[in-house]
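Structure file run-v2.cif with mmCIF, C-alpha atoms and all ligand atoms:
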data_model
#
loop_
_atom_site.label_atom_id
_atom_site.label_comp_id
_atom_site.auth_asym_id
_atom_site.auth_seq_id
_atom_site.Cartn_x
_atom_site.Cartn_y
_atom_site.Cartn_z
CA MET A 1 -12.99 -3.15 101.01
CA ALA A 2 -11.02 -6.37 101.28
CA GLU A 3 -7.51 -5.03 101.42
CA THR A 4 -5.74 -6.01 98.29
CA THR A 5 -2.14 -6.01 97.24
CA THR A 6 -2.33 -8.26 94.19
CA GLN A 7 -4.42 -8.21 91.05
CA THR A 8 -7.35 -10.62 90.91
CA ASP A 9 -6.95 -13.28 88.31
CA SER A 10 -10.23 -15.08 87.94
CA ALA A 11 -8.59 -17.74 85.78
CA ALA A 12 -8.51 -21.00 87.69
CA ILE A 13 -5.15 -21.87 89.14
CA PRO A 14 -4.39 -25.31 90.54
CA ALA A 15 -4.40 -24.19 94.18
CA ALA A 16 -7.80 -22.56 93.76
CA ALA A 17 -9.37 -25.93 93.10
CA ALA A 18 -8.48 -27.02 96.63
CA HIS A 19 -9.78 -23.71 98.02
CA PRO A 20 -13.12 -23.15 96.37
CA ARG A 21 -14.25 -19.58 95.92
CA LYS A 22 -17.70 -18.14 96.20
CA ALA A 23 -18.91 -16.04 93.32
CA LEU A 24 -20.35 -12.62 94.06
CA GLN A 25 -21.72 -10.91 90.99
CA GLY A 26 -23.28 -7.67 92.13
CA PRO A 27 -22.06 -4.13 91.51
CA PRO A 28 -18.87 -2.73 93.07
CA TYR A 29 -19.42 -1.98 96.75
CA ARG A 30 -18.59 1.71 96.26
CA ASP A 31 -21.51 2.18 93.87
CA PHE A 32 -23.75 0.35 96.31
CA VAL A 33 -22.74 2.56 99.24
CA LYS A 34 -23.45 5.65 97.16
CA ALA A 35 -26.76 4.24 95.91
CA VAL A 36 -27.92 3.46 99.47
CA THR A 37 -27.00 6.97 100.57
CA ASP A 38 -29.02 8.43 97.69
CA ALA A 39 -31.91 5.97 98.06
CA LYS A 40 -32.28 6.77 101.74
CA ALA A 41 -32.19 10.49 100.95
CA ALA A 42 -29.59 10.59 103.70
CA ARG A 43 -28.95 13.89 105.42
CA ASN A 44 -25.43 12.77 106.21
CA TYR A 45 -22.86 9.97 105.93
CA LEU A 46 -20.19 8.54 108.25
CA GLU A 47 -17.33 6.39 106.93
CA VAL A 48 -14.97 4.50 109.25
CA GLY A 49 -11.85 3.41 107.36
CA VAL A 50 -11.38 5.82 104.46
CA HIS A 51 -7.97 4.89 102.99
CA ASN A 52 -7.54 6.85 99.74
CA GLY A 53 -11.07 8.26 99.77
CA SER A 54 -12.33 6.41 96.73
CA THR A 55 -15.74 5.73 98.30
CA LEU A 56 -15.92 8.95 100.31
CA ALA A 57 -15.28 11.03 97.17
CA LEU A 58 -18.46 9.65 95.55
CA ILE A 59 -20.75 10.69 98.39
CA GLU A 60 -22.58 13.98 97.87
CA LYS A 61 -24.00 14.43 101.39
CA PRO A 62 -22.34 16.13 104.37
CA ALA A 63 -19.85 13.55 105.59
CA ILE A 64 -17.43 12.51 108.30
CA GLY A 65 -14.41 10.34 107.48
CA VAL A 66 -12.33 8.59 110.15
CA ASP A 67 -9.01 6.83 109.56
CA PRO A 68 -5.74 6.77 111.52
CA ASN A 69 -3.81 7.06 108.27
CA PHE A 70 -5.37 8.86 105.32
CA VAL A 71 -3.61 8.14 102.02
CA PHE A 72 -5.62 10.37 99.71
CA ASP A 73 -4.74 10.14 96.04
CA ARG A 74 -7.79 12.16 94.96
CA ASN A 75 -9.91 15.01 96.24
CA PRO A 76 -12.18 13.34 98.84
CA VAL A 77 -14.59 16.29 98.88
CA GLY A 78 -16.12 15.64 95.47
CA ARG A 79 -19.51 17.36 95.26
CA LYS A 80 -20.06 17.56 99.01
CA ARG A 81 -20.54 20.93 100.66
CA ILE A 82 -19.27 19.69 104.01
CA LEU A 83 -16.59 17.15 104.90
CA HIS A 84 -15.09 16.57 108.35
CA LEU A 85 -11.94 14.43 108.52
CA PHE A 86 -10.60 12.83 111.69
CA GLN A 87 -7.16 11.27 111.38
CA MET A 88 -7.38 8.87 114.30
CA GLY A 89 -8.63 5.39 115.14
CA SER A 90 -12.38 4.98 115.42
CA ASP A 91 -12.31 4.22 119.17
CA GLU A 92 -10.62 7.55 119.80
CA PHE A 93 -13.03 9.30 117.46
CA PHE A 94 -16.14 7.94 119.20
CA ARG A 95 -14.62 8.64 122.63
CA ASP A 96 -13.90 12.28 121.89
CA TYR A 97 -16.48 13.36 119.28
CA ASP A 98 -20.18 12.99 118.69
CA PRO A 99 -21.31 12.90 115.04
CA ARG A 100 -24.76 14.14 116.13
CA ALA A 101 -23.18 17.33 117.41
CA ILE A 102 -21.08 17.68 114.24
CA PHE A 103 -23.98 17.14 111.83
CA GLY A 104 -26.68 18.66 114.02
CA ALA A 105 -28.66 15.43 113.44
CA PRO A 106 -28.27 11.70 114.00
CA VAL A 107 -26.38 9.68 111.39
CA ASP A 108 -28.48 8.39 108.49
CA VAL A 109 -25.99 6.16 106.62
CA ALA A 110 -22.74 4.74 108.00
CA PHE A 111 -20.20 2.62 106.17
CA LEU A 112 -17.93 0.58 108.46
CA ASP A 113 -14.74 -0.47 106.67
CA GLY A 114 -11.95 0.04 109.23
CA MET A 115 -9.80 -2.55 110.99
CA HIS A 116 -10.61 -6.09 109.80
CA ARG A 117 -10.79 -7.69 113.23
CA PHE A 118 -14.16 -8.57 114.69
CA GLU A 119 -13.76 -6.78 118.02
CA TYR A 120 -13.01 -3.51 116.18
CA LEU A 121 -16.01 -3.86 113.89
CA LEU A 122 -18.20 -4.81 116.85
CA ARG A 123 -17.16 -1.64 118.69
CA ASP A 124 -17.60 0.42 115.52
CA PHE A 125 -21.10 -1.00 115.16
CA MET A 126 -22.01 -0.33 118.82
CA ASN A 127 -20.62 3.21 118.73
CA THR A 128 -22.27 3.96 115.41
CA GLU A 129 -25.71 2.60 116.22
CA ARG A 130 -25.74 4.78 119.35
CA VAL A 131 -25.50 7.95 117.22
CA CYS A 132 -27.71 6.83 114.33
CA ASP A 133 -31.24 7.73 113.47
CA ARG A 134 -33.67 4.85 114.16
CA ASN A 135 -34.42 4.77 110.43
CA GLY A 136 -30.75 4.90 109.51
CA VAL A 137 -28.70 2.09 108.00
CA ILE A 138 -25.28 0.74 108.83
CA LEU A 139 -23.34 -0.98 106.03
CA MET A 140 -20.61 -3.39 107.09
CA ASP A 141 -18.01 -4.28 104.47
CA ASP A 142 -16.10 -7.54 103.94
CA CYS A 143 -18.41 -9.89 105.84
CA LEU A 144 -18.86 -12.27 102.87
CA PRO A 145 -15.34 -13.68 102.43
CA VAL A 146 -15.12 -15.35 99.01
CA ASN A 147 -12.69 -17.95 100.18
CA LEU A 148 -11.90 -19.38 103.58
CA GLU A 149 -8.27 -18.31 103.67
CA MET A 150 -9.02 -14.59 103.65
CA THR A 151 -10.73 -14.89 107.07
CA GLU A 152 -7.36 -15.26 108.84
CA ARG A 153 -6.93 -12.76 111.71
CA LEU A 154 -3.38 -11.99 110.70
CA HIS A 155 -2.89 -11.32 107.00
CA ARG A 156 -0.11 -13.60 105.81
CA PRO A 157 -0.35 -13.54 102.02
CA GLU A 158 2.86 -15.53 101.58
CA GLN A 159 1.31 -18.51 103.38
CA ARG A 160 -1.92 -18.54 101.41
CA GLN A 161 -2.62 -21.24 98.82
CA ASP A 162 -5.06 -19.39 96.56
CA LYS A 163 -2.32 -17.10 95.31
CA ALA A 164 -4.56 -15.04 93.04
CA LEU A 165 -6.56 -13.83 96.06
CA ALA A 166 -3.69 -13.81 98.55
CA GLY A 167 -3.78 -10.00 98.70
CA TRP A 168 -7.45 -9.99 99.79
CA TRP A 169 -7.97 -9.91 103.54
CA THR A 170 -11.39 -9.77 105.20
CA GLY A 171 -10.05 -10.90 108.56
CA ASP A 172 -12.64 -12.26 110.97
CA VAL A 173 -15.23 -9.48 110.71
CA TRP A 174 -17.70 -12.17 109.54
CA LYS A 175 -18.10 -12.97 113.26
CA VAL A 176 -19.97 -9.71 113.79
CA VAL A 177 -22.82 -10.90 111.56
CA THR A 178 -23.14 -14.07 113.64
CA ILE A 179 -22.92 -12.02 116.85
CA LEU A 180 -25.62 -9.57 115.74
CA ARG A 181 -27.92 -12.41 114.70
CA GLU A 182 -27.58 -13.98 118.14
CA TYR A 183 -27.44 -10.95 120.45
CA ARG A 184 -29.62 -8.55 118.47
CA PRO A 185 -32.45 -10.47 116.83
CA ASP A 186 -34.34 -7.17 116.69
CA LEU A 187 -32.01 -5.86 113.95
CA ARG A 188 -32.79 -6.39 110.28
CA ILE A 189 -29.70 -7.92 108.67
CA THR A 190 -29.48 -8.22 104.89
CA PRO A 191 -26.34 -9.57 103.18
CA VAL A 192 -25.91 -8.10 99.69
CA ASP A 193 -23.91 -9.54 96.78
CA VAL A 194 -21.61 -6.61 96.03
CA VAL A 195 -18.04 -7.28 94.91
CA PRO A 196 -15.49 -8.03 96.06
CA THR A 197 -16.56 -9.33 99.51
CA GLY A 198 -20.16 -8.36 100.15
CA SER A 199 -21.96 -5.76 102.19
CA ILE A 200 -24.18 -6.35 105.22
CA VAL A 201 -27.01 -3.86 105.46
CA VAL A 202 -28.23 -3.43 109.03
CA SER A 203 -31.47 -1.56 109.68
CA ASN A 204 -34.25 -1.35 112.29
CA LEU A 205 -31.61 0.24 114.49
CA ASP A 206 -32.14 0.92 118.18
CA PRO A 207 -29.79 3.68 119.33
CA SER A 208 -30.89 3.12 122.94
CA SER A 209 -29.93 -0.56 123.00
CA THR A 210 -27.19 -1.52 125.45
CA ARG A 211 -27.41 -5.27 124.75
CA LEU A 212 -24.07 -5.46 122.90
CA ALA A 213 -22.24 -3.13 125.26
CA ASP A 214 -23.51 -5.10 128.26
CA ALA A 215 -22.30 -8.39 126.74
CA TYR A 216 -19.14 -7.02 125.07
CA PHE A 217 -16.53 -8.89 127.15
CA GLU A 218 -18.55 -12.11 127.12
CA ILE A 219 -18.83 -11.85 123.32
CA VAL A 220 -15.11 -11.20 122.83
CA ASP A 221 -14.23 -14.14 125.09
CA ARG A 222 -16.58 -16.44 123.21
CA PHE A 223 -15.61 -15.46 119.68
CA ALA A 224 -11.92 -14.50 119.85
CA ALA A 225 -10.50 -17.95 119.20
CA GLN A 226 -13.18 -19.11 116.77
CA THR A 227 -12.11 -20.01 113.25
CA LEU A 228 -14.16 -21.36 110.38
CA THR A 229 -13.79 -24.96 109.28
CA PRO A 230 -14.76 -25.62 105.65
CA LYS A 231 -18.09 -26.95 106.98
CA ASP A 232 -18.67 -23.84 109.12
CA TYR A 233 -17.81 -21.68 106.12
CA GLU A 234 -20.49 -23.35 103.98
CA ALA A 235 -22.99 -23.06 106.86
CA TYR A 236 -22.18 -19.35 107.26
CA TRP A 237 -22.84 -18.74 103.57
CA LYS A 238 -26.11 -20.66 103.78
CA VAL A 239 -27.35 -18.50 106.66
CA ASN A 240 -26.05 -15.35 104.99
CA ARG A 241 -27.02 -16.06 101.39
CA PRO A 242 -26.80 -12.64 99.76
CA THR A 243 -29.65 -10.84 98.11
CA THR A 244 -29.02 -8.69 95.05
CA ALA A 245 -28.16 -5.03 95.40
CA ALA A 246 -31.02 -4.22 93.05
CA ALA A 247 -33.56 -6.02 95.28
CA LEU A 248 -32.28 -4.27 98.38
CA LEU A 249 -32.40 -0.87 96.71
CA ASN A 250 -35.84 -1.62 95.38
CA ASP A 251 -36.91 -1.87 99.02
CA PHE A 252 -35.72 1.70 99.41
CA GLY A 253 -37.67 2.62 96.28
CA LEU A 254 -34.76 3.41 93.97
CA SER A 255 -32.71 1.47 91.48
CA LEU A 256 -28.95 1.20 91.46
CA HIS A 257 -26.99 3.57 89.31
CA VAL A 258 -23.67 1.97 88.47
CA ARG A 259 -21.00 4.24 87.08
CA PRO A 260 -19.97 3.42 83.50
C1 LIG B 1 -10.07 -1.29 103.34
S1 LIG B 1 -9.46 0.26 103.80
C2 LIG B 1 -10.86 1.33 103.60
C3 LIG B 1 -11.29 1.54 102.18
C4 LIG B 1 -12.31 2.64 101.96
N1 LIG B 1 -13.46 2.52 102.84
C5 LIG B 1 -12.81 2.63 100.53
O1 LIG B 1 -13.95 2.22 100.29
O2 LIG B 1 -12.03 2.98 99.65
C6 LIG B 1 -9.34 0.09 105.54
C7 LIG B 1 -8.89 1.35 106.24
O3 LIG B 1 -9.16 1.19 107.62
C8 LIG B 1 -8.23 1.98 108.29
N2 LIG B 1 -8.18 1.60 109.70
C9 LIG B 1 -7.37 0.70 110.32
N3 LIG B 1 -7.59 0.70 111.64
C10 LIG B 1 -8.58 1.60 111.86
C11 LIG B 1 -9.25 2.08 113.02
N4 LIG B 1 -8.95 1.59 114.24
N5 LIG B 1 -10.19 3.02 112.89
C12 LIG B 1 -10.51 3.52 111.66
N6 LIG B 1 -9.90 3.12 110.53
C13 LIG B 1 -8.96 2.18 110.63
C14 LIG B 1 -6.92 1.73 107.54
O4 LIG B 1 -5.99 2.80 107.78
C15 LIG B 1 -7.41 1.66 106.09
O5 LIG B 1 -7.23 2.91 105.46
#
Rewrite the structure from the file as structure tokens, please.
Amino acid sequence: MAETTTQTDSAAIPAAAAHPRKALQGPPYRDFVKAVTDAKAARNYLEVGVHNGSTLALIEKPAIGVDPNFVFDRNPVGRKRILHLFQMGSDEFFRDYDPRAIFGAPVDVAFLDGMHRFEYLLRDFMNTERVCDRNGVILMDDCLPVNLEMTERLHRPEQRQDKALAGWWTGDVWKVVTILREYRPDLRITPVDVVPTGSIVVSNLDPSSTRLADAYFEIVDRFAAQTLTPKDYEAYWKVNRPTTAAALLNDFGLSLHVRP
């Protein structure tokens, strides 16, 4: 989720006029993640970046949660029979553990919502795809920033102009969508209009692909300094125009159940 420290006030404020926002109108991302997990009849679920467990708690399948700093304010187990928690960064987790060995099967649904810098999400994607089932899906959070300011690499809410959204920070994880489109045209990439900042559903996975790993340093060199101009931002949204959650789930043959 876009990290947030202030309440959203959708009422227009003067600064917002100079920093136009995009409007996403789908269901909350947590409901979408759960619906995908159910729709795929997933055997298991991996979440990178767990925070207080508010998404993890909804999942009913055997799960792994990874976060260097859990801040649970609820029981993350929910209705699951099995939950494995790893309090460490995702790089360390993937270096030292193999989810396939833990689950006894490849990963069916993964939700990547850890550090909001593109090189972290890129590594999380590479490491996750490697251990996924070919028919699995990887959901990447926060890749549809609803204003330009929230794409800053360093979150500096005090310097932001759109004060109502100053607590939202997507960082530059949007770059990973552009990278996957260029380096992995074999993947199926579907942006979805969940709130607050979108979900990117990646399928047609190839766990044997080394294309990203082979080009990792080249990619980081090329993309590290990139920032979005207002024109680039509009172009990014045009290429990544989101589909509705309902349409995506319809593809999986189930409709979205949104909690009351
Ligand atoms: C936006 S929160 C996750 C929210 C959670 N997925 C949910 O839906 O409620 C981002 C989390 O990523 C964690 N994080 C930061 N660096 C990380 C890393 N290197 N590996 C895994 N998690 C990381 C943070 O500790 C934070 O809890």
Within 8 Å of ligand LIG 1 (chain B), which residues of chain A come that close, and what is the closest atom pair and distance in Å for each? Count all atoms listed in the file and give it as JSON lines.
{"residue": "A:Met1", "atom": "CA", "partner": "B:LIG1", "partner_atom": "C1", "distance": 4.2}
{"residue": "A:Ala2", "atom": "CA", "partner": "B:LIG1", "partner_atom": "C1", "distance": 5.6}
{"residue": "A:Glu3", "atom": "CA", "partner": "B:LIG1", "partner_atom": "C1", "distance": 4.9}
{"residue": "A:Tyr29", "atom": "CA", "partner": "B:LIG1", "partner_atom": "O1", "distance": 7.8}
{"residue": "A:Arg30", "atom": "CA", "partner": "B:LIG1", "partner_atom": "O1", "distance": 6.2}
{"residue": "A:Glu47", "atom": "CA", "partner": "B:LIG1", "partner_atom": "N1", "distance": 6.8}
{"residue": "A:Val48", "atom": "CA", "partner": "B:LIG1", "partner_atom": "C12", "distance": 5.2}
{"residue": "A:Gly49", "atom": "CA", "partner": "B:LIG1", "partner_atom": "O3", "distance": 3.5}
{"residue": "A:Val50", "atom": "CA", "partner": "B:LIG1", "partner_atom": "C4", "distance": 4.2}
{"residue": "A:His51", "atom": "CA", "partner": "B:LIG1", "partner_atom": "O5", "distance": 3.3}
{"residue": "A:Asn52", "atom": "CA", "partner": "B:LIG1", "partner_atom": "O2", "distance": 5.9}
{"residue": "A:Gly53", "atom": "CA", "partner": "B:LIG1", "partner_atom": "O2", "distance": 5.4}
{"residue": "A:Ser54", "atom": "CA", "partner": "B:LIG1", "partner_atom": "O2", "distance": 4.5}
{"residue": "A:Thr55", "atom": "CA", "partner": "B:LIG1", "partner_atom": "O1", "distance": 4.4}
{"residue": "A:Leu56", "atom": "CA", "partner": "B:LIG1", "partner_atom": "O1", "distance": 7.0}
{"residue": "A:Val66", "atom": "CA", "partner": "B:LIG1", "partner_atom": "C12", "distance": 5.6}
{"residue": "A:Asp67", "atom": "CA", "partner": "B:LIG1", "partner_atom": "N6", "distance": 3.9}
{"residue": "A:Pro68", "atom": "CA", "partner": "B:LIG1", "partner_atom": "O4", "distance": 5.5}
{"residue": "A:Asn69", "atom": "CA", "partner": "B:LIG1", "partner_atom": "O4", "distance": 4.8}
{"residue": "A:Phe70", "atom": "CA", "partner": "B:LIG1", "partner_atom": "O5", "distance": 6.2}
{"residue": "A:Val71", "atom": "CA", "partner": "B:LIG1", "partner_atom": "O5", "distance": 7.2}
{"residue": "A:Met88", "atom": "CA", "partner": "B:LIG1", "partner_atom": "N5", "distance": 6.6}
{"residue": "A:Gly89", "atom": "CA", "partner": "B:LIG1", "partner_atom": "N5", "distance": 3.6}
{"residue": "A:Ser90", "atom": "CA", "partner": "B:LIG1", "partner_atom": "N5", "distance": 3.9}
{"residue": "A:Asp91", "atom": "CA", "partner": "B:LIG1", "partner_atom": "N4", "distance": 6.5}
{"residue": "A:Phe111", "atom": "CA", "partner": "B:LIG1", "partner_atom": "N1", "distance": 7.5}
{"residue": "A:Leu112", "atom": "CA", "partner": "B:LIG1", "partner_atom": "N1", "distance": 7.4}
{"residue": "A:Asp113", "atom": "CA", "partner": "B:LIG1", "partner_atom": "N1", "distance": 5.0}
{"residue": "A:Gly114", "atom": "CA", "partner": "B:LIG1", "partner_atom": "O3", "distance": 3.4}
{"residue": "A:Met115", "atom": "CA", "partner": "B:LIG1", "partner_atom": "N3", "distance": 4.0}
{"residue": "A:His116", "atom": "CA", "partner": "B:LIG1", "partner_atom": "C9", "distance": 7.5}
{"residue": "A:Tyr120", "atom": "CA", "partner": "B:LIG1", "partner_atom": "N4", "distance": 6.8}
Quiz item: In Å to one decimal, how far is atom CA of Leu46 of chain A from atom CA of Val107 of chain A?
Solution: 7.0 Å
Exercise. Please provide as an MDAnalysis selection string all residues within 12 Å of Glu149 of chain A, with the sequence filter that same-chain residues fewer than 4 positions apart are discarded (counting all atoms listed in the file).
Key: chainID A and resid 15:16 18:21 145 153:172 227:230 233
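A straight line drawn from atom CA of Ala215 of chain A to atom CA of Thr151 of chain A is 23.7 Å long.
Between atom CA of Asn147 of chain A and atom CA of Asn204 of chain A the separation is 29.8 Å.
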Self-check item: Non-local contacts of Leu144 of chain A (7 Å; all atoms listed in the file; under 6 positions in same chain excluded) as a ChimeraX atom specification
Solution: /A:174,197-198
Exercise. Do a neighbour search on Ala23 of chain A at 9 Å with all atoms listed in the file, toss out local chain neighbours closer than 2 positions, and write the hits as a ChimeraX atom specification.
Key: /A:21,25,146,193,195
Same residues, C-alpha atoms, saved as a PDB file, in the frame of the given file:
ATOM      1  CA  ARG A  21     -14.250 -19.580  95.920  1.00  0.00           C
ATOM      2  CA  GLN A  25     -21.720 -10.910  90.990  1.00  0.00           C
ATOM      3  CA  VAL A 146     -15.120 -15.350  99.010  1.00  0.00           C
ATOM      4  CA  ASP A 193     -23.910  -9.540  96.780  1.00  0.00           C
ATOM      5  CA  VAL A 195     -18.040  -7.280  94.910  1.00  0.00           C
TER       6      VAL A 195
END
Practice problem: Find the residues near Arg211 of chain A: any atom within 12 Å, counting only C-alpha atoms, skip ones fewer than 2 places away on the same chain, and give them as number ranges by chain. | Solution: A: 126, 129-130, 179-180, 182-187, 206-209, 213-219
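The closest residue to Ile200 of chain A, picked from A:Phe94, A:Asp141, A:Arg222, A:Ala246 and counting only C-alpha atoms, is A:Asp141.
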Quiz item: Do you know which residues are at most 9 Å from Thr243 of chain A counting all atoms listed in the file, after dropping those on the same chain fewer than 4 positions away, and could you put them as a ChimeraX atom specification?
Solution: /A:190-193,247-248
Centre and edges of the segment 216-233 of chain A box, axis-aligned, 5 Å extra per side, as lines of an AutoDock Vina configuration file:
center_x = -14.8
center_y = -17.0
center_z = 116.4
size_x = 18.6
size_y = 29.9
size_z = 31.5
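Minimum atom-to-atom distance to Trp237 of chain A, evaluated using only C-alpha atoms, belongs to A:Leu148 out of A:Ala224, A:Leu139, A:Leu148, A:Lys61.
Distances to Val109 of chain A were evaluated for A:Ala245, A:Val202, A:Ala42, A:Ile189 using all atoms listed in the file, and the minimum falls at A:Ala42.
Using all atoms listed in the file for every distance, the candidate list A:Ile82, A:Met150, A:Leu212, A:Cys143 yields A:Cys143 as the residue closest to Val177 of chain A.
In terms of minimum interatomic distance to Met140 of chain A, A:Val173 ranks closest within A:Val173, A:Phe252, A:Thr178, A:Asn127, counting all atoms listed in the file.
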Exercise. Quick one: residues within 7 Å of (-32.4, 6.1, 115.8) (file frame), counting all atoms listed in the file, please, as a list in words.
Key: Cys132, Asp133, Arg134, Asn135, Gly136, Leu205, Asp206 and Pro207 of chain A
Could you pull segment 178-194 of chain A out of the structure just shown and give N, CA and C atoms as a short mmCIF file (atom, residue, chain, number, x, y, z; two decimals), in the first residue's frame?
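selection34.cif, freshly written:
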data_model
loop_
_atom_site.label_atom_id
_atom_site.label_comp_id
_atom_site.auth_asym_id
_atom_site.auth_seq_id
_atom_site.Cartn_x
_atom_site.Cartn_y
_atom_site.Cartn_z
N THR A 178 7.59 -0.45 -16.45
CA THR A 178 8.25 -0.08 -17.71
C THR A 178 9.37 -1.07 -18.04
N ILE A 179 10.12 -1.45 -17.01
CA ILE A 179 11.23 -2.41 -17.21
C ILE A 179 10.69 -3.76 -17.69
N LEU A 180 9.64 -4.25 -17.04
CA LEU A 180 9.10 -5.56 -17.44
C LEU A 180 8.55 -5.51 -18.86
N ARG A 181 7.91 -4.39 -19.21
CA ARG A 181 7.37 -4.29 -20.58
C ARG A 181 8.49 -4.35 -21.61
N GLU A 182 9.63 -3.74 -21.27
CA GLU A 182 10.74 -3.72 -22.24
C GLU A 182 11.54 -5.03 -22.23
N TYR A 183 11.90 -5.50 -21.03
CA TYR A 183 12.82 -6.65 -20.95
C TYR A 183 12.11 -8.00 -20.97
N ARG A 184 10.81 -7.98 -20.65
CA ARG A 184 10.08 -9.25 -20.58
C ARG A 184 8.74 -9.16 -21.31
N PRO A 185 8.82 -8.97 -22.64
CA PRO A 185 7.56 -8.86 -23.39
C PRO A 185 6.73 -10.14 -23.34
N ASP A 186 7.35 -11.23 -22.87
CA ASP A 186 6.61 -12.49 -22.76
C ASP A 186 5.63 -12.50 -21.59
N LEU A 187 5.80 -11.59 -20.63
CA LEU A 187 4.91 -11.56 -19.47
C LEU A 187 3.58 -10.91 -19.84
N ARG A 188 2.53 -11.32 -19.16
CA ARG A 188 1.23 -10.63 -19.33
C ARG A 188 1.09 -9.64 -18.17
N ILE A 189 0.95 -8.37 -18.52
CA ILE A 189 0.96 -7.31 -17.50
C ILE A 189 -0.37 -6.57 -17.56
N THR A 190 -1.12 -6.62 -16.46
CA THR A 190 -2.44 -5.99 -16.45
C THR A 190 -2.56 -5.03 -15.26
N PRO A 191 -2.56 -3.73 -15.52
CA PRO A 191 -2.80 -2.77 -14.45
C PRO A 191 -4.28 -2.79 -14.05
N VAL A 192 -4.54 -2.71 -12.77
CA VAL A 192 -5.91 -2.81 -12.25
C VAL A 192 -6.21 -1.61 -11.36
N ASP A 193 -7.46 -1.14 -11.40
CA ASP A 193 -7.80 0.17 -10.82
C ASP A 193 -8.12 0.13 -9.32
N VAL A 194 -7.42 -0.67 -8.55
CA VAL A 194 -7.73 -0.71 -7.12
C VAL A 194 -7.21 0.55 -6.42
#
